Protein chains: 2
Amino acid sequence: MSTDPISYLPLTEPTFYILLSLAPGKKHGYAIMKDVRELSGERVHLSTSTLYTAIGRLLDQELIERLSDEKQDAGPGLPRKFYALTDLGRRVLEAETIRLEGMVREARLRLREDGV
Amino acid sequence: MSTDPISYLPLTEPTFYILLSLAPGKKHGYAIMKDVRELSGERVHLSTSTLYTAIGRLLDQELIERLSDEKQDAGPGLPRKFYALTDLGRRVLEAETIRLEGMVREARLRLREDGV
DNA sequence: GTACTATATATCATGTAACGACATATCAAA
DNA sequence: TTTGATATGTCGTTACATGATATATAGTAC
């Protein structure tokens with residue numbers, strides 16, 4: 001497992017949004033799901049299968065970490081599990097953003113060359 | 001098969017670059033491969049398997065079309081096959097660029113909120 | 001008191017796409 | 001004559017998304 005953020009790129013769209021959702025601070029799975037929906041302008045609707053398998057993968061890769069037992073305001077539903085970005089996770093997210101900016105820059109150049 | 005470009009998104013990185021490579025005009029497969037490598041700053045090295053399976057898929061989806069027998073300056077290698085963007089392909093590429101811009105915008109907002 | 005809805009977790013089967021490895025062919029230069 | 005650049009393609013494996021399905025809890029409406 002590399003510590004070079006570049007080696008984790010490109011991120012898939014769900015993965016990108018999950019990490020971005022955690023950028024401001026810790027969240028539990030279901031909160032991530034709702035946040036991503038809003039954050040993406042109702043465009044990305046994570047299914048629970050996508051969400052929880054991605055969380056498992058990101059934990060394995062140490063891009064996020066599980067926060068041990070935030071003794072939380074229990075609302076309805078099963079007990080919440082909170083996650084946060086690791087340093088590596090944040091660096092991956094930043095590297096991915098730079099990658100995306102490069103793609104947009106090149107696209108804007110080529111799409112302007114012919115009359116768009 | 002939809003004519004709504006949004007329904008083809010998100011594109012994978014190889015697919016995005018293949019379409020972008022065709023934006024200025026027709027190319028054959030091997031030329032696309034070299035162009036993508038340069039265009040991406042030596043970052044994306046398409047394997048021939050990725051390239052030709054993607055071309056097959058894009059033909060099926062009618063995002064690109066095969067140009068029939070450009071009687072071409074035959075150089076070395078097997079006979080070239082030329083491809084070009086369809087109108088739909090161009091619209092998909094534009095829609096994808098807009099999607100990427102949205103992701104970058106949101107990422108820049110959230111990554112600035114905490115001190116990046 | 002009971003059914004419904006939102007909250008919250010998770011797995012399974014299937015489909016799609018990337019990718020390394022492999023295969024084939026042509027021409028030019030060393 | 002053999003190497004390297006050009007040029008096309010398939011096969012097996014792996015990774016990931018996704019719809020369907022399952023389980024559990026708390027509040028609300030009837």
# chains A, B, ... in the order shown; residues from 1 in each chain; ligands from 1
call {"tool": "select_by_dssp", "arguments": {"residues": "chain B", "states": "strand (DSSP E or B)", "output": "PyMOL selection string"}}
result
chain B and resi 27-28+64-67+82-85
call {"tool": "residues_around", "arguments": {"residues": "stretch 7-14 of chain A", "least_positions_apart": "2", "cutoff": "9 Å", "atoms": "only C-alpha atoms (C1' of nucleotides)", "output": "MDAnalysis selection string"}}
result
(chainID A and resid 2:5 16:19 36 44:46 50:51 54 92:93 95:96 99) or (chainID B and resid 10 12:13) or (chainID D and resid 16:17)
call {"tool": "closest_atom_pairs", "arguments": {"of": "chain D", "to": "chain B", "cutoff": "10 Å", "atoms": "only C-alpha atoms (C1' of nucleotides)", "output": "Markdown table"}}
result
| residue | atom | partner | partner_atom | distance |
| --- | --- | --- | --- | --- |
| D:DA5 | C1' | B:Pro76 | CA | 8.2 |
| D:DT6 | C1' | B:Gly77 | CA | 4.9 |
| D:DA7 | C1' | B:Gly77 | CA | 4.4 |
| D:DT8 | C1' | B:Leu78 | CA | 6.1 |
| D:DG9 | C1' | B:Tyr52 | CA | 7.4 |
| D:DT10 | C1' | B:Ser49 | CA | 8.2 |
| D:DC11 | C1' | B:Ser49 | CA | 9.9 |
call {"tool": "atom_distance", "arguments": {"atom1": "atom CA of A:Ser68", "atom2": "atom CA of A:Met33"}}
result
20.4 Å
call {"tool": "interface_residues", "arguments": {"of": "chain A", "to": "chain B", "cutoff": "10 Å", "atoms": "only C-alpha atoms", "output": "ChimeraX atom specification"}}
result
/A:10-13,16-17,19-25,39-41,43,90-91,93-94,96-108,110-114,116
call {"tool": "write_last_selection", "arguments": {"atoms": "C-alpha atoms", "output": "mmCIF file, in the first residue's frame"}}
result
data_model
loop_
_atom_site.group_PDB
_atom_site.id
_atom_site.type_symbol
_atom_site.label_atom_id
_atom_site.label_comp_id
_atom_site.auth_asym_id
_atom_site.auth_seq_id
_atom_site.Cartn_x
_atom_site.Cartn_y
_atom_site.Cartn_z
ATOM 1 C CA PRO A 10 -8.421 7.949 -10.863
ATOM 2 C CA LEU A 11 -11.217 7.777 -8.298
ATOM 3 C CA THR A 12 -14.654 6.662 -9.370
ATOM 4 C CA GLU A 13 -17.435 9.201 -9.036
ATOM 5 C CA PHE A 16 -14.732 10.938 -5.025
ATOM 6 C CA TYR A 17 -17.971 12.174 -3.498
ATOM 7 C CA LEU A 19 -14.208 11.406 0.323
ATOM 8 C CA LEU A 20 -15.388 14.939 -0.443
ATOM 9 C CA SER A 21 -18.320 14.469 1.906
ATOM 10 C CA LEU A 22 -15.864 13.713 4.710
ATOM 11 C CA ALA A 23 -13.597 16.686 3.935
ATOM 12 C CA PRO A 24 -15.348 19.084 6.352
ATOM 13 C CA GLY A 25 -15.387 16.502 9.174
ATOM 14 C CA LEU A 39 -23.587 18.032 -2.791
ATOM 15 C CA SER A 40 -23.929 16.694 -6.323
ATOM 16 C CA GLY A 41 -27.114 18.640 -7.014
ATOM 17 C CA ARG A 43 -27.281 13.915 -9.487
ATOM 18 C CA ARG A 90 -7.105 14.086 2.082
ATOM 19 C CA ARG A 91 -4.023 14.075 -0.115
ATOM 20 C CA LEU A 93 -8.727 13.930 -2.715
ATOM 21 C CA GLU A 94 -6.512 16.916 -3.462
ATOM 22 C CA GLU A 96 -7.798 13.862 -7.729
ATOM 23 C CA THR A 97 -9.070 17.431 -7.854
ATOM 24 C CA ILE A 98 -5.873 18.494 -9.632
ATOM 25 C CA ARG A 99 -6.285 15.601 -12.082
ATOM 26 C CA LEU A 100 -9.861 16.686 -12.826
ATOM 27 C CA GLU A 101 -8.773 20.285 -13.332
ATOM 28 C CA GLY A 102 -6.241 19.122 -15.912
ATOM 29 C CA MET A 103 -8.915 17.191 -17.795
ATOM 30 C CA VAL A 104 -11.261 20.187 -17.792
ATOM 31 C CA ARG A 105 -8.485 22.484 -18.991
ATOM 32 C CA GLU A 106 -7.598 20.207 -21.920
ATOM 33 C CA ALA A 107 -11.253 19.696 -22.800
ATOM 34 C CA ARG A 108 -11.955 23.421 -22.831
ATOM 35 C CA ARG A 110 -10.028 21.276 -27.622
ATOM 36 C CA LEU A 111 -13.723 22.045 -27.547
ATOM 37 C CA ARG A 112 -13.077 25.694 -28.295
ATOM 38 C CA GLU A 113 -10.783 24.986 -31.286
ATOM 39 C CA ASP A 114 -13.754 23.937 -33.326
ATOM 40 C CA VAL A 116 -18.548 24.897 -29.713
#
call {"tool": "interface_residues", "arguments": {"of": "chain C", "to": "chain A", "cutoff": "9 Å", "atoms": "only C-alpha atoms (C1' of nucleotides)", "output": "list in words"}}
result
DA6, DT7, DA8, DT9, DA10 and DT11 of chain C
call {"tool": "write_last_selection", "arguments": {"atoms": "C-alpha atoms (C1' of nucleotides)", "output": "PDB file, in the first residue's frame"}}
result
ATOM      1  C1'  DA C   6     -37.187   7.775   7.878  1.00  0.00           C
ATOM      2  C1'  DT C   7     -33.113   6.337   9.764  1.00  0.00           C
ATOM      3  C1'  DA C   8     -29.195   3.023   9.709  1.00  0.00           C
ATOM      4  C1'  DT C   9     -26.588  -1.011   8.748  1.00  0.00           C
ATOM      5  C1'  DA C  10     -25.076  -4.833   5.415  1.00  0.00           C
ATOM      6  C1'  DT C  11     -24.685  -8.806   1.679  1.00  0.00           C
TER       7       DT C  11
END
call {"tool": "residues_around", "arguments": {"residues": "stretch 59-61 of chain B", "least_positions_apart": "5", "cutoff": "9 Å", "atoms": "only C-alpha atoms (C1' of nucleotides)", "output": "list in words"}}
result
Met1, Ala54, Arg66 and Gly89 of chain B
call {"tool": "select_by_dssp", "arguments": {"residues": "stretch 42-110 of chain B", "states": "alpha helix (DSSP H)", "output": "PDB file with C-alpha atoms, in the first residue's frame"}}
result
ATOM      1  CA  THR B  48      -4.248  -1.716 -26.906  1.00  0.00           C
ATOM      2  CA  SER B  49      -6.875  -3.825 -25.158  1.00  0.00           C
ATOM      3  CA  THR B  50      -8.377  -0.778 -23.468  1.00  0.00           C
ATOM      4  CA  LEU B  51      -8.204   1.209 -26.693  1.00  0.00           C
ATOM      5  CA  TYR B  52      -9.807  -1.272 -29.082  1.00  0.00           C
ATOM      6  CA  THR B  53     -12.489  -2.541 -26.724  1.00  0.00           C
ATOM      7  CA  ALA B  54     -13.398   1.090 -25.984  1.00  0.00           C
ATOM      8  CA  ILE B  55     -13.555   1.856 -29.720  1.00  0.00           C
ATOM      9  CA  GLY B  56     -15.895  -1.104 -30.224  1.00  0.00           C
ATOM     10  CA  ARG B  57     -18.123   0.066 -27.416  1.00  0.00           C
ATOM     11  CA  LEU B  58     -18.189   3.679 -28.629  1.00  0.00           C
ATOM     12  CA  LEU B  59     -19.158   2.485 -32.112  1.00  0.00           C
ATOM     13  CA  ASP B  60     -22.027   0.451 -30.617  1.00  0.00           C
ATOM     14  CA  ASP B  87     -22.927  14.711 -32.987  1.00  0.00           C
ATOM     15  CA  LEU B  88     -24.040  12.668 -30.003  1.00  0.00           C
ATOM     16  CA  GLY B  89     -20.416  11.939 -29.117  1.00  0.00           C
ATOM     17  CA  ARG B  90     -19.567  15.604 -29.113  1.00  0.00           C
ATOM     18  CA  ARG B  91     -22.555  16.421 -26.937  1.00  0.00           C
ATOM     19  CA  VAL B  92     -21.566  13.659 -24.500  1.00  0.00           C
ATOM     20  CA  LEU B  93     -18.048  15.073 -24.325  1.00  0.00           C
ATOM     21  CA  GLU B  94     -19.401  18.532 -23.602  1.00  0.00           C
ATOM     22  CA  ALA B  95     -21.789  17.208 -20.954  1.00  0.00           C
ATOM     23  CA  GLU B  96     -18.955  15.292 -19.309  1.00  0.00           C
ATOM     24  CA  THR B  97     -16.806  18.407 -19.208  1.00  0.00           C
ATOM     25  CA  ILE B  98     -19.594  20.271 -17.454  1.00  0.00           C
ATOM     26  CA  ARG B  99     -19.958  17.410 -14.970  1.00  0.00           C
ATOM     27  CA  LEU B 100     -16.214  17.531 -14.236  1.00  0.00           C
ATOM     28  CA  GLU B 101     -16.336  21.285 -13.761  1.00  0.00           C
ATOM     29  CA  GLY B 102     -19.069  20.849 -11.176  1.00  0.00           C
ATOM     30  CA  MET B 103     -16.987  18.312  -9.272  1.00  0.00           C
ATOM     31  CA  VAL B 104     -13.953  20.582  -9.302  1.00  0.00           C
ATOM     32  CA  ARG B 105     -16.017  23.536  -8.118  1.00  0.00           C
ATOM     33  CA  GLU B 106     -17.469  21.599  -5.184  1.00  0.00           C
ATOM     34  CA  ALA B 107     -14.079  20.161  -4.301  1.00  0.00           C
ATOM     35  CA  ARG B 108     -12.411  23.575  -4.305  1.00  0.00           C
ATOM     36  CA  LEU B 109     -15.125  24.896  -1.991  1.00  0.00           C
ATOM     37  CA  ARG B 110     -14.822  22.051   0.514  1.00  0.00           C
TER      38      ARG B 110
END
call {"tool": "atom_distance", "arguments": {"atom1": "atom C1' of C:DT24", "atom2": "atom CA of B:Ala74"}}
result
17.9 Å
call {"tool": "closest_residue", "arguments": {"among": "A:Asp35, A:Ile6, A:Ser47, A:Ala84", "to": "D:DG19", "atoms": "only C-alpha atoms (C1' of nucleotides)"}}
result
A:Ser47
call {"tool": "atom_distance", "arguments": {"atom1": "atom C1' of D:DT28", "atom2": "atom C1' of C:DT2"}}
result
11.5 Å
call {"tool": "decode", "arguments": {"residues": "stretch 42-102 of chain A", "atoms": "C-alpha atoms", "output": "PDB file, in the first residue's frame"}}
result
ATOM      1  CA  GLU A  42     -29.340  15.532  -6.748  1.00  0.00           C
ATOM      2  CA  ARG A  43     -27.281  13.915  -9.487  1.00  0.00           C
ATOM      3  CA  VAL A  44     -25.504  11.155  -7.558  1.00  0.00           C
ATOM      4  CA  HIS A  45     -27.797   8.817  -5.649  1.00  0.00           C
ATOM      5  CA  LEU A  46     -25.573   6.299  -3.866  1.00  0.00           C
ATOM      6  CA  SER A  47     -27.211   2.939  -3.299  1.00  0.00           C
ATOM      7  CA  THR A  48     -26.471   1.398   0.062  1.00  0.00           C
ATOM      8  CA  SER A  49     -24.492  -1.352  -1.659  1.00  0.00           C
ATOM      9  CA  THR A  50     -22.251   1.181  -3.389  1.00  0.00           C
ATOM     10  CA  LEU A  51     -21.870   3.165  -0.189  1.00  0.00           C
ATOM     11  CA  TYR A  52     -20.961   0.371   2.203  1.00  0.00           C
ATOM     12  CA  THR A  53     -18.725  -1.582  -0.143  1.00  0.00           C
ATOM     13  CA  ALA A  54     -16.893   1.664  -0.924  1.00  0.00           C
ATOM     14  CA  ILE A  55     -16.525   2.403   2.788  1.00  0.00           C
ATOM     15  CA  GLY A  56     -15.051  -1.062   3.320  1.00  0.00           C
ATOM     16  CA  ARG A  57     -12.588  -0.529   0.489  1.00  0.00           C
ATOM     17  CA  LEU A  58     -11.577   2.941   1.679  1.00  0.00           C
ATOM     18  CA  LEU A  59     -10.955   1.574   5.167  1.00  0.00           C
ATOM     19  CA  ASP A  60      -8.723  -1.165   3.720  1.00  0.00           C
ATOM     20  CA  GLN A  61      -6.809   1.426   1.719  1.00  0.00           C
ATOM     21  CA  GLU A  62      -6.584   3.664   4.796  1.00  0.00           C
ATOM     22  CA  LEU A  63      -8.058   6.644   2.975  1.00  0.00           C
ATOM     23  CA  ILE A  64     -10.650   6.863   5.756  1.00  0.00           C
ATOM     24  CA  GLU A  65     -10.685   5.596   9.333  1.00  0.00           C
ATOM     25  CA  ARG A  66     -13.367   4.429  11.695  1.00  0.00           C
ATOM     26  CA  LEU A  67     -13.786   6.617  14.783  1.00  0.00           C
ATOM     27  CA  SER A  68     -14.130   4.337  17.773  1.00  0.00           C
ATOM     28  CA  ASP A  69     -17.416   4.747  19.537  1.00  0.00           C
ATOM     29  CA  GLU A  70     -18.534   8.248  19.438  1.00  0.00           C
ATOM     30  CA  LYS A  71     -21.126   7.742  22.229  1.00  0.00           C
ATOM     31  CA  GLN A  72     -23.716   9.479  20.158  1.00  0.00           C
ATOM     32  CA  ASP A  73     -27.202  10.900  20.410  1.00  0.00           C
ATOM     33  CA  ALA A  74     -28.874   7.663  19.329  1.00  0.00           C
ATOM     34  CA  GLY A  75     -31.678   8.462  16.908  1.00  0.00           C
ATOM     35  CA  PRO A  76     -33.698   5.892  15.011  1.00  0.00           C
ATOM     36  CA  GLY A  77     -31.959   3.076  13.151  1.00  0.00           C
ATOM     37  CA  LEU A  78     -29.032   0.802  13.825  1.00  0.00           C
ATOM     38  CA  PRO A  79     -26.078   2.246  15.785  1.00  0.00           C
ATOM     39  CA  ARG A  80     -24.154   4.811  13.773  1.00  0.00           C
ATOM     40  CA  LYS A  81     -20.553   4.271  12.713  1.00  0.00           C
ATOM     41  CA  PHE A  82     -18.495   7.395  12.187  1.00  0.00           C
ATOM     42  CA  TYR A  83     -15.707   7.814   9.664  1.00  0.00           C
ATOM     43  CA  ALA A  84     -13.126  10.508   8.936  1.00  0.00           C
ATOM     44  CA  LEU A  85     -10.539  11.221   6.249  1.00  0.00           C
ATOM     45  CA  THR A  86      -6.987  10.147   6.979  1.00  0.00           C
ATOM     46  CA  ASP A  87      -4.085  12.382   5.954  1.00  0.00           C
ATOM     47  CA  LEU A  88      -3.551  10.095   2.992  1.00  0.00           C
ATOM     48  CA  GLY A  89      -7.246  10.319   2.121  1.00  0.00           C
ATOM     49  CA  ARG A  90      -7.105  14.086   2.082  1.00  0.00           C
ATOM     50  CA  ARG A  91      -4.023  14.075  -0.115  1.00  0.00           C
ATOM     51  CA  VAL A  92      -5.696  11.658  -2.524  1.00  0.00           C
ATOM     52  CA  LEU A  93      -8.727  13.930  -2.715  1.00  0.00           C
ATOM     53  CA  GLU A  94      -6.512  16.916  -3.462  1.00  0.00           C
ATOM     54  CA  ALA A  95      -4.560  14.986  -6.101  1.00  0.00           C
ATOM     55  CA  GLU A  96      -7.798  13.862  -7.729  1.00  0.00           C
ATOM     56  CA  THR A  97      -9.070  17.431  -7.854  1.00  0.00           C
ATOM     57  CA  ILE A  98      -5.873  18.494  -9.632  1.00  0.00           C
ATOM     58  CA  ARG A  99      -6.285  15.601 -12.082  1.00  0.00           C
ATOM     59  CA  LEU A 100      -9.861  16.686 -12.826  1.00  0.00           C
ATOM     60  CA  GLU A 101      -8.773  20.285 -13.332  1.00  0.00           C
ATOM     61  CA  GLY A 102      -6.241  19.122 -15.912  1.00  0.00           C
TER      62      GLY A 102
END
